[in-house]
>>> print(open('input.pdb').read())   # PDB, C-alpha atoms
ATOM      1  CA  MET A   2      18.674  -4.290  37.565
ATOM      2  CA  SER A   3      21.593  -6.662  37.047
ATOM      3  CA  HIS A   4      24.762  -5.370  35.424
ATOM      4  CA  VAL A   5      25.013  -8.581  33.394
ATOM      5  CA  ALA A   6      24.294  -7.853  29.730
ATOM      6  CA  SER A   7      20.852  -8.948  28.651
ATOM      7  CA  HIS A   8      20.412 -11.691  26.080
ATOM      8  CA  VAL A   9      19.007  -9.155  23.653
ATOM      9  CA  ALA A  10      22.040  -6.879  24.101
ATOM     10  CA  GLN A  11      24.423  -9.750  23.409
ATOM     11  CA  GLU A  12      22.448 -10.905  20.399
ATOM     12  CA  LEU A  13      22.018  -7.560  18.682
ATOM     13  CA  ALA A  14      25.796  -7.064  18.833
ATOM     14  CA  THR A  15      26.360 -10.127  16.620
ATOM     15  CA  GLN A  16      24.270  -8.875  13.698
ATOM     16  CA  PRO A  17      27.114  -7.964  11.309
ATOM     17  CA  GLU A  18      28.573 -11.479  11.464
ATOM     18  CA  CYS A  19      25.121 -13.020  11.068
ATOM     19  CA  TRP A  20      24.438 -10.900   7.994
ATOM     20  CA  GLU A  21      27.676 -12.075   6.383
ATOM     21  CA  ARG A  22      26.694 -15.713   6.898
ATOM     22  CA  ALA A  23      23.194 -15.088   5.570
ATOM     23  CA  ALA A  24      24.578 -13.527   2.396
ATOM     24  CA  GLU A  25      26.642 -16.665   1.827
ATOM     25  CA  LEU A  26      23.575 -18.872   2.374
ATOM     26  CA  ALA A  27      21.662 -16.846  -0.194
ATOM     27  CA  THR A  28      24.104 -18.195  -2.770
ATOM     28  CA  THR A  29      24.321 -21.799  -1.607
ATOM     29  CA  HIS A  30      20.557 -22.086  -0.959
ATOM     30  CA  ARG A  31      19.380 -20.195  -4.034
ATOM     31  CA  ALA A  32      17.279 -23.118  -5.287
ATOM     32  CA  LEU A  33      15.212 -23.094  -2.072
ATOM     33  CA  LEU A  34      14.147 -19.471  -2.436
ATOM     34  CA  PRO A  35      11.719 -17.879  -4.918
ATOM     35  CA  ARG A  36      12.814 -18.019  -8.536
ATOM     36  CA  ARG A  37      12.671 -15.007 -10.805
ATOM     37  CA  GLY A  38       9.136 -14.574 -12.091
ATOM     38  CA  GLU A  39       7.425 -16.679  -9.424
ATOM     39  CA  ARG A  40       4.396 -14.964  -7.915
ATOM     40  CA  THR A  41       5.394 -14.974  -4.267
ATOM     41  CA  ALA A  42       3.913 -14.182  -0.864
ATOM     42  CA  ILE A  43       6.061 -13.722   2.241
ATOM     43  CA  VAL A  44       4.368 -14.231   5.595
ATOM     44  CA  GLY A  45       5.206 -13.956   9.276
ATOM     45  CA  CYS A  46       3.888 -12.777  12.617
ATOM     46  CA  GLY A  47       4.927  -9.660  14.520
ATOM     47  CA  THR A  48       8.518  -8.798  13.706
ATOM     48  CA  SER A  49       8.664 -11.420  10.942
ATOM     49  CA  TYR A  50       5.697  -9.785   9.209
ATOM     50  CA  TYR A  51       7.504  -6.451   9.097
ATOM     51  CA  MET A  52      10.581  -8.162   7.648
ATOM     52  CA  ALA A  53       8.266  -9.750   5.083
ATOM     53  CA  GLN A  54       7.003  -6.295   4.117
ATOM     54  CA  ALA A  55      10.542  -5.051   3.523
ATOM     55  CA  ALA A  56      11.556  -8.181   1.616
ATOM     56  CA  ALA A  57       8.505  -8.010  -0.641
ATOM     57  CA  VAL A  58       9.327  -4.460  -1.716
ATOM     58  CA  LEU A  59      12.979  -5.342  -2.309
ATOM     59  CA  ARG A  60      12.033  -8.322  -4.492
ATOM     60  CA  GLU A  61       9.680  -6.282  -6.655
ATOM     61  CA  GLU A  62      12.174  -3.417  -6.930
ATOM     62  CA  ALA A  63      14.763  -5.943  -8.139
ATOM     63  CA  GLY A  64      12.428  -7.051 -10.925
ATOM     64  CA  GLN A  65      12.123 -10.565  -9.523
ATOM     65  CA  GLY A  66       8.324 -10.767  -9.738
ATOM     66  CA  GLU A  67       5.093  -9.810  -8.048
ATOM     67  CA  THR A  68       5.499 -10.164  -4.294
ATOM     68  CA  ASP A  69       3.068  -9.615  -1.425
ATOM     69  CA  ALA A  70       3.455  -9.684   2.362
ATOM     70  CA  PHE A  71       0.844 -10.767   4.898
ATOM     71  CA  PRO A  72       0.529 -11.614   8.559
ATOM     72  CA  ALA A  73       0.232 -15.399   8.594
ATOM     73  CA  SER A  74      -3.207 -15.088  10.186
ATOM     74  CA  GLU A  75      -4.461 -12.876   7.337
ATOM     75  CA  PHE A  76      -3.203 -14.817   4.328
ATOM     76  CA  PRO A  77      -5.804 -14.543   1.537
ATOM     77  CA  SER A  78      -6.566 -18.161   0.727
ATOM     78  CA  HIS A  79      -8.442 -17.174  -2.434
ATOM     79  CA  ARG A  80      -5.270 -15.840  -4.056
ATOM     80  CA  ARG A  81      -2.921 -18.083  -5.969
ATOM     81  CA  TYR A  82       0.851 -17.944  -5.528
ATOM     82  CA  ASP A  83       3.667 -19.980  -7.013
ATOM     83  CA  ARG A  84       5.496 -19.979  -3.693
ATOM     84  CA  VAL A  85       4.913 -18.810  -0.139
ATOM     85  CA  VAL A  86       7.889 -17.986   2.097
ATOM     86  CA  ALA A  87       7.259 -18.188   5.852
ATOM     87  CA  LEU A  88       9.580 -16.386   8.266
ATOM     88  CA  THR A  89       9.432 -17.977  11.727
ATOM     89  CA  ARG A  90      12.192 -17.776  14.296
ATOM     90  CA  SER A  91      10.706 -20.365  16.643
ATOM     91  CA  GLY A  92       9.136 -22.677  14.065
ATOM     92  CA  THR A  93       6.234 -23.162  16.462
ATOM     93  CA  THR A  94       3.969 -20.135  15.943
ATOM     94  CA  THR A  95       0.433 -21.413  15.556
ATOM     95  CA  GLU A  96      -0.686 -19.191  12.698
ATOM     96  CA  VAL A  97       2.390 -20.024  10.607
ATOM     97  CA  LEU A  98       2.073 -23.773  11.169
ATOM     98  CA  ASP A  99      -1.630 -23.715  10.318
ATOM     99  CA  LEU A 100      -0.923 -21.812   7.122
ATOM    100  CA  LEU A 101       1.912 -24.118   6.055
ATOM    101  CA  ALA A 102      -0.292 -27.161   6.616
ATOM    102  CA  GLY A 103      -3.118 -25.636   4.572
ATOM    103  CA  LEU A 104      -0.795 -24.679   1.735
ATOM    104  CA  ARG A 105       0.678 -28.186   1.661
ATOM    105  CA  ASP A 106      -2.810 -29.622   1.293
ATOM    106  CA  ALA A 107      -3.499 -27.114  -1.505
ATOM    107  CA  GLY A 108      -0.325 -28.034  -3.360
ATOM    108  CA  VAL A 109       1.347 -24.611  -3.036
ATOM    109  CA  ALA A 110       5.149 -24.664  -2.826
ATOM    110  CA  THR A 111       6.476 -23.325   0.478
ATOM    111  CA  THR A 112       9.804 -22.316   1.966
ATOM    112  CA  ALA A 113      10.311 -21.775   5.696
ATOM    113  CA  VAL A 114      13.143 -19.585   6.979
ATOM    114  CA  ILE A 115      13.582 -20.652  10.597
ATOM    115  CA  GLY A 116      15.907 -20.277  13.559
ATOM    116  CA  ASP A 117      15.279 -23.533  15.401
ATOM    117  CA  PRO A 118      15.412 -26.712  13.271
ATOM    118  CA  ALA A 119      13.947 -28.935  16.010
ATOM    119  CA  THR A 120      10.427 -27.659  15.362
ATOM    120  CA  PRO A 121       7.275 -28.638  13.419
ATOM    121  CA  ALA A 122       7.947 -26.137  10.624
ATOM    122  CA  MET A 123      10.719 -28.428   9.362
ATOM    123  CA  THR A 124       8.225 -31.064   8.240
ATOM    124  CA  LEU A 125       5.413 -28.778   7.089
ATOM    125  CA  ALA A 126       7.390 -26.735   4.533
ATOM    126  CA  ASP A 127       8.610 -28.105   1.214
ATOM    127  CA  ASP A 128      11.963 -26.341   1.558
ATOM    128  CA  VAL A 129      13.715 -24.987   4.646
ATOM    129  CA  VAL A 130      16.536 -22.516   5.193
ATOM    130  CA  VAL A 131      17.866 -22.818   8.747
ATOM    131  CA  LEU A 132      19.441 -19.742  10.345
ATOM    132  CA  ASP A 133      20.298 -21.476  13.619
ATOM    133  CA  PHE A 134      23.379 -19.293  14.017
ATOM    134  CA  ALA A 135      21.006 -16.312  14.298
ATOM    135  CA  ASP A 136      18.505 -17.914  16.690
ATOM    136  CA  GLU A 137      17.980 -16.113  19.979
ATOM    137  CA  ARG A 138      17.285 -16.712  23.646
ATOM    138  CA  SER A 139      15.601 -13.338  23.947
ATOM    139  CA  VAL A 140      11.878 -12.798  23.515
ATOM    140  CA  VAL A 141      12.521  -9.537  21.650
ATOM    141  CA  GLN A 142      13.788 -10.331  18.148
ATOM    142  CA  THR A 143      16.807  -8.541  16.775
ATOM    143  CA  ARG A 144      19.398 -10.621  14.937
ATOM    144  CA  PHE A 145      17.127 -13.348  13.577
ATOM    145  CA  ALA A 146      14.833 -10.782  11.969
ATOM    146  CA  THR A 147      17.589  -8.755  10.346
ATOM    147  CA  THR A 148      19.448 -11.907   9.293
ATOM    148  CA  ALA A 149      16.359 -13.388   7.636
ATOM    149  CA  LEU A 150      15.838 -10.127   5.772
ATOM    150  CA  THR A 151      19.494 -10.083   4.736
ATOM    151  CA  LEU A 152      19.079 -13.602   3.310
ATOM    152  CA  LEU A 153      16.153 -12.476   1.158
ATOM    153  CA  ARG A 154      17.825  -9.188   0.326
ATOM    154  CA  ALA A 155      20.982 -10.922  -0.851
ATOM    155  CA  HIS A 156      18.920 -13.415  -2.834
ATOM    156  CA  VAL A 157      17.597 -10.598  -5.044
ATOM    157  CA  GLY A 158      20.972  -8.855  -5.317
ATOM    158  CA  ALA A 159      20.125  -5.948  -3.006
ATOM    159  CA  HIS A 160      22.682  -6.670  -0.260
ATOM    160  CA  THR A 161      26.261  -5.414  -0.316
ATOM    161  CA  PRO A 162      29.164  -5.525   2.171
ATOM    162  CA  ALA A 163      28.489  -1.833   2.801
ATOM    163  CA  ALA A 164      25.400  -2.810   4.813
ATOM    164  CA  VAL A 165      27.572  -4.939   7.112
ATOM    165  CA  ALA A 166      30.072  -2.103   7.516
ATOM    166  CA  ASP A 167      27.218   0.249   8.396
ATOM    167  CA  ALA A 168      25.904  -2.260  10.949
ATOM    168  CA  ARG A 169      29.290  -2.269  12.647
ATOM    169  CA  ALA A 170      29.249   1.526  12.668
ATOM    170  CA  ALA A 171      25.734   1.462  14.150
ATOM    171  CA  LEU A 172      27.015  -0.664  17.016
ATOM    172  CA  ALA A 173      30.134   1.432  17.621
ATOM    173  CA  GLU A 174      28.779   4.978  17.401
ATOM    174  CA  GLN A 175      27.323   6.764  20.386
ATOM    175  CA  LEU A 176      23.607   7.478  20.200
ATOM    176  CA  PRO A 177      22.555  11.122  20.448
ATOM    177  CA  ALA A 178      22.307  12.048  24.123
ATOM    178  CA  GLY A 179      18.954  12.080  25.869
ATOM    179  CA  LEU A 180      16.873  10.129  23.355
ATOM    180  CA  GLU A 181      16.182   7.352  25.864
ATOM    181  CA  ALA A 182      14.278   9.737  28.160
ATOM    182  CA  LEU A 183      11.808  11.102  25.610
ATOM    183  CA  ASP A 184       8.047  10.624  25.855
ATOM    184  CA  GLN A 185       7.163   9.520  22.322
ATOM    185  CA  TYR A 186       8.918   8.079  19.263
ATOM    186  CA  THR A 187       7.910   8.120  15.602
ATOM    187  CA  PHE A 188       9.755   6.197  12.883
ATOM    188  CA  LEU A 189       9.486   6.904   9.155
ATOM    189  CA  GLY A 190      10.434   4.928   6.068
ATOM    190  CA  ARG A 191      10.041   4.874   2.321
ATOM    191  CA  GLY A 192       9.860   1.865   0.027
ATOM    192  CA  TRP A 193      11.357  -1.178   1.712
ATOM    193  CA  SER A 194      12.278   0.824   4.823
ATOM    194  CA  VAL A 195       8.577   1.310   5.696
ATOM    195  CA  GLY A 196       8.612  -2.244   7.080
ATOM    196  CA  LEU A 197      11.751  -1.371   9.034
ATOM    197  CA  ALA A 198      10.025   1.691  10.499
ATOM    198  CA  HIS A 199       7.159  -0.490  11.696
ATOM    199  CA  GLU A 200       9.684  -2.881  13.251
ATOM    200  CA  ALA A 201      11.543  -0.002  14.923
ATOM    201  CA  ALA A 202       8.369   1.147  16.633
ATOM    202  CA  LEU A 203       7.586  -2.410  17.715
ATOM    203  CA  LYS A 204      11.041  -2.766  19.280
ATOM    204  CA  MET A 205      10.513   0.392  21.319
ATOM    205  CA  ARG A 206       7.140  -0.840  22.534
ATOM    206  CA  GLU A 207       8.322  -4.354  23.360
ATOM    207  CA  ALA A 208      11.612  -3.572  25.074
ATOM    208  CA  SER A 209      10.808  -0.299  26.841
ATOM    209  CA  LEU A 210       6.991   0.095  26.877
ATOM    210  CA  SER A 211       7.465   3.340  24.966
ATOM    211  CA  TRP A 212       4.757   5.171  23.057
ATOM    212  CA  ALA A 213       6.003   4.536  19.530
ATOM    213  CA  GLU A 214       4.426   4.925  16.088
ATOM    214  CA  SER A 215       5.542   4.348  12.501
ATOM    215  CA  TYR A 216       4.467   5.571   9.079
ATOM    216  CA  PRO A 217       5.447   5.863   5.437
ATOM    217  CA  ALA A 218       7.281   9.172   5.420
ATOM    218  CA  MET A 219       4.803  11.061   3.246
ATOM    219  CA  GLU A 220       1.856   9.776   5.297
ATOM    220  CA  TYR A 221       3.369  11.272   8.447
ATOM    221  CA  ARG A 222       2.151  14.701   7.377
ATOM    222  CA  HIS A 223      -1.435  13.490   6.980
ATOM    223  CA  GLY A 224      -2.317  13.589  10.681
ATOM    224  CA  PRO A 225       0.409  11.817  12.696
ATOM    225  CA  VAL A 226       2.617  14.917  12.708
ATOM    226  CA  SER A 227       0.126  16.354  15.206
ATOM    227  CA  VAL A 228       1.782  14.394  18.045
ATOM    228  CA  THR A 229       5.167  15.953  17.282
ATOM    229  CA  GLY A 230       6.490  18.467  19.790
ATOM    230  CA  PRO A 231       8.838  18.917  22.744
ATOM    231  CA  GLY A 232       9.715  15.597  24.349
ATOM    232  CA  THR A 233       9.189  13.574  21.151
ATOM    233  CA  LEU A 234      11.500  12.109  18.535
ATOM    234  CA  THR A 235      11.021  11.533  14.819
ATOM    235  CA  TRP A 236      13.574   9.217  13.220
ATOM    236  CA  SER A 237      13.823   8.621   9.466
ATOM    237  CA  LEU A 238      15.229   5.209   8.559
ATOM    238  CA  GLY A 239      15.129   5.753   4.808
ATOM    239  CA  GLU A 240      15.091   8.595   2.320
ATOM    240  CA  THR A 241      13.462  11.671   3.839
ATOM    241  CA  PRO A 242      11.131  13.827   1.732
ATOM    242  CA  ASP A 243      12.010  17.516   1.594
ATOM    243  CA  GLY A 244      10.569  19.627   4.391
ATOM    244  CA  ILE A 245       9.885  16.953   7.010
ATOM    245  CA  ALA A 246      13.034  17.536   9.051
ATOM    246  CA  GLU A 247      12.354  21.273   9.124
ATOM    247  CA  GLN A 248       8.760  20.700  10.204
ATOM    248  CA  VAL A 249       9.819  18.368  13.040
ATOM    249  CA  LEU A 250      12.488  20.736  14.322
ATOM    250  CA  ALA A 251      10.143  23.731  14.099
ATOM    251  CA  ALA A 252       7.701  21.857  16.342
ATOM    252  CA  GLY A 253      10.392  21.543  19.016
ATOM    253  CA  ALA A 254      10.918  17.791  18.595
ATOM    254  CA  ALA A 255      14.144  15.838  18.283
ATOM    255  CA  TRP A 256      15.052  14.676  14.783
ATOM    256  CA  VAL A 257      17.344  11.841  13.640
ATOM    257  CA  GLU A 258      18.184  11.624   9.956
ATOM    258  CA  GLY A 259      19.114   8.138   8.808
ATOM    259  CA  ARG A 260      22.696   8.226   7.514
ATOM    260  CA  LEU A 261      23.420   4.510   7.301
ATOM    261  CA  ASP A 262      21.940   1.656   5.338
ATOM    262  CA  PRO A 263      18.300   1.441   6.534
ATOM    263  CA  LEU A 264      18.837  -2.001   8.081
ATOM    264  CA  ALA A 265      21.821  -0.616  10.000
ATOM    265  CA  GLU A 266      19.628   2.276  11.141
ATOM    266  CA  LEU A 267      17.345  -0.379  12.633
ATOM    267  CA  VAL A 268      20.350  -1.661  14.607
ATOM    268  CA  ARG A 269      20.719   1.834  16.061
ATOM    269  CA  VAL A 270      17.064   1.700  17.094
ATOM    270  CA  HIS A 271      17.714  -1.669  18.756
ATOM    271  CA  ARG A 272      20.298   0.106  20.897
ATOM    272  CA  LEU A 273      17.901   2.939  21.647
ATOM    273  CA  ALA A 274      15.251   0.448  22.773
ATOM    274  CA  LEU A 275      17.724  -1.057  25.238
ATOM    275  CA  ALA A 276      18.749   2.377  26.473
ATOM    276  CA  ALA A 277      15.116   3.369  26.984
ATOM    277  CA  ALA A 278      14.477   0.113  28.859
ATOM    278  CA  ALA A 279      17.420   0.807  31.157
ATOM    279  CA  HIS A 280      16.203   4.369  31.733
ATOM    280  CA  ARG A 281      12.805   3.004  32.792
ATOM    281  CA  ARG A 282      14.432   0.260  34.896
ATOM    282  CA  LEU A 283      12.879  -2.467  32.754
ATOM    283  CA  ASP A 284      14.339  -5.864  31.893
ATOM    284  CA  PRO A 285      14.376  -6.169  28.069
ATOM    285  CA  ASP A 286      14.607  -9.957  28.428
ATOM    286  CA  ALA A 287      11.221 -10.018  30.163
ATOM    287  CA  PRO A 288       8.873  -7.839  28.071
ATOM    288  CA  ARG A 289       5.410  -7.458  29.510
ATOM    289  CA  ASN A 290       2.768  -9.962  28.341
ATOM    290  CA  LEU A 291       5.038 -11.543  25.701
ATOM    291  CA  THR A 292       6.604 -14.947  25.149
ATOM    292  CA  ARG A 293       9.220 -16.109  22.626
ATOM    293  CA  SER A 294       6.574 -17.866  20.516
ATOM    294  CA  VAL A 295       2.818 -17.442  20.347
ATOM    295  CA  ILE A 296       1.176 -20.850  20.564
ATOM    296  CA  LEU A 297      -2.598 -20.653  20.584
ATOM    297  CA  THR A 298      -5.078 -23.078  22.032
ATOM    298  CA  THR A 299      -8.242 -24.029  20.146
ATOM    299  CA  GLY A 300     -10.622 -21.103  19.838
ATOM    300  CA  GLU A 301      -8.077 -18.375  20.544
ATOM    301  CA  GLY A 302      -7.437 -15.515  18.164
ATOM    302  CA  ALA A 303      -4.044 -14.237  17.123
ATOM    303  CA  VAL A 304      -2.424 -12.147  19.798
ATOM    304  CA  ARG A 305       0.889 -11.122  18.189
TER
END
>>> encode(input="input.pdb", output="structure tokens")
Amino acid sequence: MSHVASHVAQELATQPECWERAAELATTHRALLPRRGERTAIVGCGTSYYMAQAAAVLREEAGQGETDAFPASEFPSHRRYDRVVALTRSGTTTEVLDLLAGLRDAGVATTAVIGDPATPAMTLADDVVVLDFADERSVVQTRFATTALTLLRAHVGAHTPAAVADARAALAEQLPAGLEALDQYTFLGRGWSVGLAHEAALKMREASLSWAESYPAMEYRHGPVSVTGPGTLTWSLGETPDGIAEQVLAAGAAWVEGRLDPLAELVRVHRLALAAAAHRRLDPDAPRNLTRSVILTTGEGAVR
């Protein structure tokens, strides 16, 4: 493999600065985002869907109003929302564009949070927040996803400068030795960090073809813990229920307890995914079977 840093490595390193800019936009673009009390759905595909899950929990926890998250392809058209927020880095994903067009015809207010403004999503959404400074060349999303979540997190008052400081620490600290060579990875979360756990597992699969799973922390004990043993890792991104760490260690597995802000813990997983890719001699900029945006032809089903 080339010694030149991959696009994804360069991009994940800029996350703290991107988060600071997103927090500023949350103030200047407040009128474009869901108002307190609006019944809201947040949608996306792949990584953006997992960010939607985290954002929905944060909004409800902040007392801002009922909030749901859906893959764009599974949006329940029979439900009624005051506003739908679509997260789409490329602005070209078929399922998101189809949904925005349908919602426009139905008279539902929409906001698109996008990375590339020169895309169809600009004209299909009622309101648009452009995070072009966080757009990426890489197929594997890192900074756009975490920046979009920071925007929504700051909008409901759940972001603080401490998260940015933790992100810088996540980039500077050494990862525990040997994690990149393990056989299986499990990520756990609670509350809003459940979506982050799902995203962590996706990053490991995309970048390094690793066997990776994710669960709400308490659900881990209801079956998934059976895969835990020597050669595996369980990593908690959020609050860890009592007894789980002891159970993992007793099974002979590696354990990582999240110490930082959960979003900063995800940055540490981004680094692990790159390390695992390097260990397997894989190019993280060319993940197998994936492209930067999923654009479907007529008759195809959703593939990501």
>>> resolve_selection(input="input.pdb", expression="the PyMOL selection byres ((chain A and resi 238-252) around 7)", output="list in words")
Leu189, Gly190, Arg191, Ser194, Ala198, Ala218, Thr229, Gly230, Trp236, Ser237, Gly253, Ala254, Ala255, Trp256, Gly259, Pro263 and Glu266 of chain A
>>> closest_residue(input="input.pdb", among="A:Thr68, A:Thr233, A:Thr124, A:Ser209", to="Ala278 of chain A", atoms="all atoms listed in the file")
A:Ser209
>>> closest_residue(input="input.pdb", among="A:Asp106, A:Asp133, A:Glu200, A:Asp262", to="Ala170 of chain A", atoms="only C-alpha atoms")
A:Asp262
>>> residues_around(input="input.pdb", residues="His280 of chain A", least_positions_apart="5", cutoff="12 Å", atoms="all atoms listed in the file", output="list in words")
Met2, Gly179, Leu180, Glu181, Ala182, Leu183, Asp184, Ala208, Ser209, Leu210, Ser211, Leu273, Ala274, Leu275 and Pro285 of chain A
>>> resolve_selection(input="input.pdb", expression="the PyMOL selection byres ((chain A and resi 42-59) around 9)", output="PyMOL selection string")
chain A and resi 40-41+60-65+67-74+76+82-90+94+96-97+141-143+146-147+149-151+153-154+157+159+192-200+203-204+305
>>> write_last_selection(input="input.pdb", atoms="C-alpha atoms", output="PDB file, keeping the file's coordinate frame")
ATOM      1  CA  ARG A  40       4.396 -14.964  -7.915  1.00  0.00           C
ATOM      2  CA  THR A  41       5.394 -14.974  -4.267  1.00  0.00           C
ATOM      3  CA  ARG A  60      12.033  -8.322  -4.492  1.00  0.00           C
ATOM      4  CA  GLU A  61       9.680  -6.282  -6.655  1.00  0.00           C
ATOM      5  CA  GLU A  62      12.174  -3.417  -6.930  1.00  0.00           C
ATOM      6  CA  ALA A  63      14.763  -5.943  -8.139  1.00  0.00           C
ATOM      7  CA  GLY A  64      12.428  -7.051 -10.925  1.00  0.00           C
ATOM      8  CA  GLN A  65      12.123 -10.565  -9.523  1.00  0.00           C
ATOM      9  CA  GLU A  67       5.093  -9.810  -8.048  1.00  0.00           C
ATOM     10  CA  THR A  68       5.499 -10.164  -4.294  1.00  0.00           C
ATOM     11  CA  ASP A  69       3.068  -9.615  -1.425  1.00  0.00           C
ATOM     12  CA  ALA A  70       3.455  -9.684   2.362  1.00  0.00           C
ATOM     13  CA  PHE A  71       0.844 -10.767   4.898  1.00  0.00           C
ATOM     14  CA  PRO A  72       0.529 -11.614   8.559  1.00  0.00           C
ATOM     15  CA  ALA A  73       0.232 -15.399   8.594  1.00  0.00           C
ATOM     16  CA  SER A  74      -3.207 -15.088  10.186  1.00  0.00           C
ATOM     17  CA  PHE A  76      -3.203 -14.817   4.328  1.00  0.00           C
ATOM     18  CA  TYR A  82       0.851 -17.944  -5.528  1.00  0.00           C
ATOM     19  CA  ASP A  83       3.667 -19.980  -7.013  1.00  0.00           C
ATOM     20  CA  ARG A  84       5.496 -19.979  -3.693  1.00  0.00           C
ATOM     21  CA  VAL A  85       4.913 -18.810  -0.139  1.00  0.00           C
ATOM     22  CA  VAL A  86       7.889 -17.986   2.097  1.00  0.00           C
ATOM     23  CA  ALA A  87       7.259 -18.188   5.852  1.00  0.00           C
ATOM     24  CA  LEU A  88       9.580 -16.386   8.266  1.00  0.00           C
ATOM     25  CA  THR A  89       9.432 -17.977  11.727  1.00  0.00           C
ATOM     26  CA  ARG A  90      12.192 -17.776  14.296  1.00  0.00           C
ATOM     27  CA  THR A  94       3.969 -20.135  15.943  1.00  0.00           C
ATOM     28  CA  GLU A  96      -0.686 -19.191  12.698  1.00  0.00           C
ATOM     29  CA  VAL A  97       2.390 -20.024  10.607  1.00  0.00           C
ATOM     30  CA  VAL A 141      12.521  -9.537  21.650  1.00  0.00           C
ATOM     31  CA  GLN A 142      13.788 -10.331  18.148  1.00  0.00           C
ATOM     32  CA  THR A 143      16.807  -8.541  16.775  1.00  0.00           C
ATOM     33  CA  ALA A 146      14.833 -10.782  11.969  1.00  0.00           C
ATOM     34  CA  THR A 147      17.589  -8.755  10.346  1.00  0.00           C
ATOM     35  CA  ALA A 149      16.359 -13.388   7.636  1.00  0.00           C
ATOM     36  CA  LEU A 150      15.838 -10.127   5.772  1.00  0.00           C
ATOM     37  CA  THR A 151      19.494 -10.083   4.736  1.00  0.00           C
ATOM     38  CA  LEU A 153      16.153 -12.476   1.158  1.00  0.00           C
ATOM     39  CA  ARG A 154      17.825  -9.188   0.326  1.00  0.00           C
ATOM     40  CA  VAL A 157      17.597 -10.598  -5.044  1.00  0.00           C
ATOM     41  CA  ALA A 159      20.125  -5.948  -3.006  1.00  0.00           C
ATOM     42  CA  GLY A 192       9.860   1.865   0.027  1.00  0.00           C
ATOM     43  CA  TRP A 193      11.357  -1.178   1.712  1.00  0.00           C
ATOM     44  CA  SER A 194      12.278   0.824   4.823  1.00  0.00           C
ATOM     45  CA  VAL A 195       8.577   1.310   5.696  1.00  0.00           C
ATOM     46  CA  GLY A 196       8.612  -2.244   7.080  1.00  0.00           C
ATOM     47  CA  LEU A 197      11.751  -1.371   9.034  1.00  0.00           C
ATOM     48  CA  ALA A 198      10.025   1.691  10.499  1.00  0.00           C
ATOM     49  CA  HIS A 199       7.159  -0.490  11.696  1.00  0.00           C
ATOM     50  CA  GLU A 200       9.684  -2.881  13.251  1.00  0.00           C
ATOM     51  CA  LEU A 203       7.586  -2.410  17.715  1.00  0.00           C
ATOM     52  CA  LYS A 204      11.041  -2.766  19.280  1.00  0.00           C
ATOM     53  CA  ARG A 305       0.889 -11.122  18.189  1.00  0.00           C
TER      54      ARG A 305
END
>>> resolve_selection(input="input.pdb", expression="the PyMOL selection byres ((chain A and resi 8) around 7)", output="ChimeraX atom specification")
/A:6-7,9-12,138-139,286
>>> closest_residue(input="input.pdb", among="A:Arg80, A:Arg282, A:His223, A:His160", to="Ala107 of chain A", atoms="all atoms listed in the file")
A:Arg80
>>> closest_residue(input="input.pdb", among="A:Ala32, A:Val257, A:Ala135, A:Ala265", to="Ala166 of chain A", atoms="all atoms listed in the file")
A:Ala265
>>> atom_distance(input="input.pdb", atom1="atom CA of Thr29 of chain A", atom2="atom CA of Asp127 of chain A")
17.2 Å
>>> residues_around(input="input.pdb", residues="Cys19 of chain A", least_positions_apart="4", cutoff="7 Å", atoms="all atoms listed in the file", output="list in words")
Thr15, Ala23, Ala135 and Thr148 of chain A
>>> atom_distance(input="input.pdb", atom1="atom CA of Ala113 of chain A", atom2="atom CA of Ala27 of chain A")
13.7 Å
>>> atom_distance(input="input.pdb", atom1="atom CA of Glu18 of chain A", atom2="atom CA of Asp284 of chain A")
25.5 Å
